[in-house]
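Contents: one structure, followed by commentary.
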Amino acid sequence: MLLYNSATRKKEEFVPHTEGKVSMYTCGPTVYHFAHIGNLRTYIMEDVLEKYFRYVGYDVKRVMNITDVGHLSSDADTGEDKMLKGAKREKKTVMEIAQFYTDAFFSDCEKLNIKKPDVIEPATNCICEFIEMVQGLLDKGYAYIAGGNVYFDTSKLKDYYVFNNFDAEDLAIGVRDSVSEDENKRNKTDFVLWFTKSKFEDQELKWDSPWGIGYPGWHIECSAISIKHNGEYLDIHCGGIDNAFPHHTNEIAQSEAYLGHEWCKYWFHVLHLNTSNGKMSKSKGEFLTVSLLEEKGYNPLAYRFFCLQSHYRKSQEFSFEALDNAQAAFNKLVARVAALKADGDVDGAVVAEYRQKFSEVLGNDMNTSLAVTSVYDALKADTNDATKLAILNDFDKVLSLDLVGEAKKYNEKQASAPANEEDAEIDALVAQRTQARKDKNWAEADRIRDELNARGIVLTDTPEGVKWSRK
């Protein structure tokens with residue numbers, strides 16, 4: 001398997017630390033608000049990667065944190081804790097906010113067929129591990145205490161900017177928001193490992209520590225949780241590209257200083273989902289959620305289908321027009337699958353042939369766009385329907401579009417619909433196709449024809465116009 005490694009900026013053969021096993025870590029949500037669909041694009045792509053590892057035979061252990069403390073509203077260790085911000089907004093306790101939005105996140109994941117990780121660990125469960133790691137960094141001379149806080153000393157590293165070729169001065173404060181510099185830091189790039197009561201007096205969640213009552217910095221969470229569950233050697237770490245700096249950069253710094261050796265070999269970063277106004281972001285106010293898409297009549301799996309049509313290393317632009325096209329294509333695909341009959345014997349050789357091709361395109365840096373093309377190729381295969389269904393079920397172990405299940409629901413809906421209601425729907429489609437042909441919109445006319453054909457409708461041209469009948 002070839003996979004692009006963000007740390008080396010090139011495609012490399014994926015070779016895990018232990019043969020046959022993959023230790024995998026994905027940055028989880030900060031549960032102060034709903035996840036927007038840009039966040040969820042990252043989790044969809046990570047889900048495909050995990051399922052592909054399992055598909056080709058790896059034993060995978062995937063760990064994900066839940067950030068319920070310590071993530072500040074700026075990456076420069078300034079501003080209020082995002083969890084506290086959410087609690088103030090909704091007039092609830094931090095833990096009430098955390099539970100509500102954790103449940104909401106996994107509800108969204110379920111709608112998008114995103115598998116739950118093997119280990120899900122809230123940060124508030126691991127305070128002892130954070131303290132132990134911070135103390136270890138102090139003992140090894142990689143950390144210092146200033147102004148009541150414990151900081152990591154980046155000047156002790158030979159190479160701090162792992163993921164970027166940017167000028168160090170441009171990254172000096174390490175923020176996405178405009179903030180002032182923390183005067184307690186020896187170096188501008190240093191970051192907080194542990195906050196004490198000397199800062200953020202209104203912080204709701206605090207714990208006793210050797211350095212005073214306080215709470216952990218955001219970056220220490222992922223390192224300690226990963227080491228706790230996946231050990232000293234991590235095969236692959238995933239996340240959105242906006243986490244590459246400073247979060248993942250800081251994870252590498254503190255983890256390798258603490259362990260004394262290379263920590264994670266492969267880094268998998270998913271690029272942004274953009275709108276016409278730029279990157280989707282909660283800080284901009286209104287943002288799109290899975291629930292909002294459902295309210296507008298979209299199938300969440302159509303959004304998953306939309307995401308799979310683009311490569312994870314390319315920014316993807318969202319618009320409702322693009323989603324409309326994805327949903328129309330998804331519905332058409334479901335209709336084609338619904339027309340298949342599970343008759344005859346499955347041809348194992350044909351299934352193996354298509355499985356091999358499917359594995360090859362995903363094995364070349366997770367090319368989900370070509371993997372979707374493989375679905376269409378399978379539907380056109382010169383084989384019986386039972387074999388086609390077997391191929392689609394095999395592909396679905398990775399793509400998780402549930403085409404066969406959606407097709408079953410489609411057929412049940414068709415069977416339960418009153419005949420006159422269905423006839424009216426078909427009449428409307430025939431009329432739309434006639435209009436499309438008058439407008440010389442041949443692509444739309446062909447799409448409607450194919451949809452009708454998949455539903456078993458035959459069109460016949462007559463002097464009185466187009467007539468339809470059932471096969």
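Naming scheme: A, B, ... for chains in displayed order of the structure tokens; residues 1 onward per chain; ligands 1 onward as shown.
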
**Message:** If we count only C-alpha atoms and set the cut-off at 12 Å, which residues sit around His229 (chain A), ignoring sequence neighbours fewer than 6 positions away in its own chain? Please answer as a PyMOL selection string.
**Reply:** chain A and resi 23-25+61-65+118-121+126+129+222-223

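When DSSP reads the backbone of this structure, the residues of region 89-179 of chain A it assigns to strand (DSSP E or B) are Val119, Ile120, Glu121, Pro122, Ala143, Tyr144, Ile145, Ala146, Asn149, Val150, Tyr151 and Phe152 of chain A.
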
**Message:** Measuring between only C-alpha atoms, which one of A:Phe245, A:Gly57, A:Arg186, A:Tyr266 shows the shortest distance to Pro16 (chain A)?
**Reply:**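 Closest candidate: A:Tyr266.
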
**Asked** Which residue, A:Ala7, A:Glu321, A:Asp385, A:Gly217, has the smallest gap to Ile252 (chain A) when you use only C-alpha atoms?
**Response** A:Ala7

**Message:** I'd like the neighbourhood of Thr42 (chain A) as a ChimeraX atom specification, where a residue qualifies if any of its atoms comes within 7 Å (using only C-alpha atoms), though same-chain residues fewer than 2 positions away should be ignored.
**Reply:** /A:39-40,44-46,239-240,270

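Put simply, CA of Lys21 (chain A) is 11.8 Å away from CA of Tyr233 (chain A).
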
**Asked** What lies within 8 Å of region 8-15 of chain A using only C-alpha atoms, ignoring chain neighbours under 4 positions off, as a list in words?
**Response** Met1, Leu2, Leu3, Tyr4, Glu19, Phe163, Tyr266 and Asp365 of chain A

**Request:** Rank A:Lys408, A:Lys265, A:Arg313, A:Lys228 by their smallest atom-to-atom distance to Ala342 (chain A), using only C-alpha atoms, and report the top residue only.
**Result:**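 Of A:Lys408, A:Lys265, A:Arg313, A:Lys228, the one nearest Ala342 (chain A), counting only C-alpha atoms, is A:Lys408.
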
**Request:** Check the smallest atom-to-atom distance from each of A:Gly348, A:Gly260, A:Pro246, A:Pro418 to Ala390 (chain A) using only C-alpha atoms, then report the winner.
**Result:**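 Among the listed residues, the smallest separation from Ala390 (chain A) belongs to A:Gly348.
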
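Comparing the minimum interatomic distances between Asp461 (chain A) and each of A:Val31, A:Ala143, A:Val430, A:Leu389, counting only C-alpha atoms, we find that A:Val430 sits nearest.
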
Region 47-165 of chain A near region 393-404 of chain A within 12 Å: what's each residue's closest atom pair and its distance in Å to one decimal, counting only C-alpha atoms, ordered by chain then ascending residue number, as a tab-separated table?
residue	atom	partner	partner_atom	distance
A:Asp47	CA	A:Val398	CA	8.2
A:Val48	CA	A:Val398	CA	5.6
A:Leu49	CA	A:Val398	CA	8.0
A:Glu50	CA	A:Val398	CA	8.3
A:Lys51	CA	A:Val398	CA	5.0
A:Tyr52	CA	A:Val398	CA	5.6
A:Phe53	CA	A:Val398	CA	9.1
A:Arg54	CA	A:Val398	CA	8.6
A:Tyr55	CA	A:Val398	CA	7.0
A:Val56	CA	A:Val398	CA	10.2
A:Cys109	CA	A:Ser400	CA	11.8
A:Glu110	CA	A:Ser400	CA	11.0
A:Lys111	CA	A:Leu401	CA	10.7
A:Leu112	CA	A:Ser400	CA	8.4
A:Asn113	CA	A:Ser400	CA	6.1
A:Ile114	CA	A:Ser400	CA	8.0
A:Lys115	CA	A:Ser400	CA	9.4

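CA of Asp324 (chain A) lies 26.1 Å from CA of Val458 (chain A).
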
**Message:** So that I can see what lies close to Ile213 (chain A), please list as a list in words the residues with an atom at most 6 Å from it, counting only C-alpha atoms and leaving out residues fewer than 3 positions away in the same chain.
**Reply:**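 Contacts, with the query itself left out: Thr196, Lys197, Trp207, Asp208 and Ser209 of chain A.
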
**Prompt:** Which one of A:Ala454, A:Phe34, A:Val22, A:Ile145 sits closest to Phe106 (chain A) if you count only C-alpha atoms?
**Reply:**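 Comparing A:Ala454, A:Phe34, A:Val22, A:Ile145 against Phe106 (chain A), the winner is A:Phe34.
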
**Asked** Within 9 Å of Ile426 (chain A), counting only C-alpha atoms, which residues qualify if same-chain residues fewer than 4 places away don't, as a VMD selection string?
**Response** chain A and resid 421 to 422 430 to 431 452 457 468

**Message:** Please compute the CA of Leu234 (chain A)-CA of Trp267 (chain A) distance, one decimal, in Å.
**Reply:** 10.1 Å

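Summary of the local environment: counting only C-alpha atoms, residues at most 7 Å from region 440-451 of chain A, other than itself and those fewer than 5 positions away along its chain, are A:Lys332, A:Ala335, A:Leu429, A:Arg433.
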
Write to file, as a PDB file, in the first residue's frame, the residues of the selection just made, with N, CA and C atoms.
ATOM      1  N   LYS A 332     -29.754   7.615  -8.309  1.00  0.00           N
ATOM      2  CA  LYS A 332     -29.728   6.858  -9.569  1.00  0.00           C
ATOM      3  C   LYS A 332     -28.977   5.543  -9.379  1.00  0.00           C
ATOM      4  N   ALA A 335     -31.169   3.175  -7.521  1.00  0.00           N
ATOM      5  CA  ALA A 335     -32.204   2.628  -8.407  1.00  0.00           C
ATOM      6  C   ALA A 335     -31.657   1.520  -9.287  1.00  0.00           C
ATOM      7  N   LEU A 429     -41.804  12.344 -14.487  1.00  0.00           N
ATOM      8  CA  LEU A 429     -40.446  12.120 -14.991  1.00  0.00           C
ATOM      9  C   LEU A 429     -40.414  12.092 -16.515  1.00  0.00           C
ATOM     10  N   ARG A 433     -38.352  14.590 -18.923  1.00  0.00           N
ATOM     11  CA  ARG A 433     -37.432  14.138 -19.965  1.00  0.00           C
ATOM     12  C   ARG A 433     -37.790  14.769 -21.311  1.00  0.00           C
TER      13      ARG A 433
END
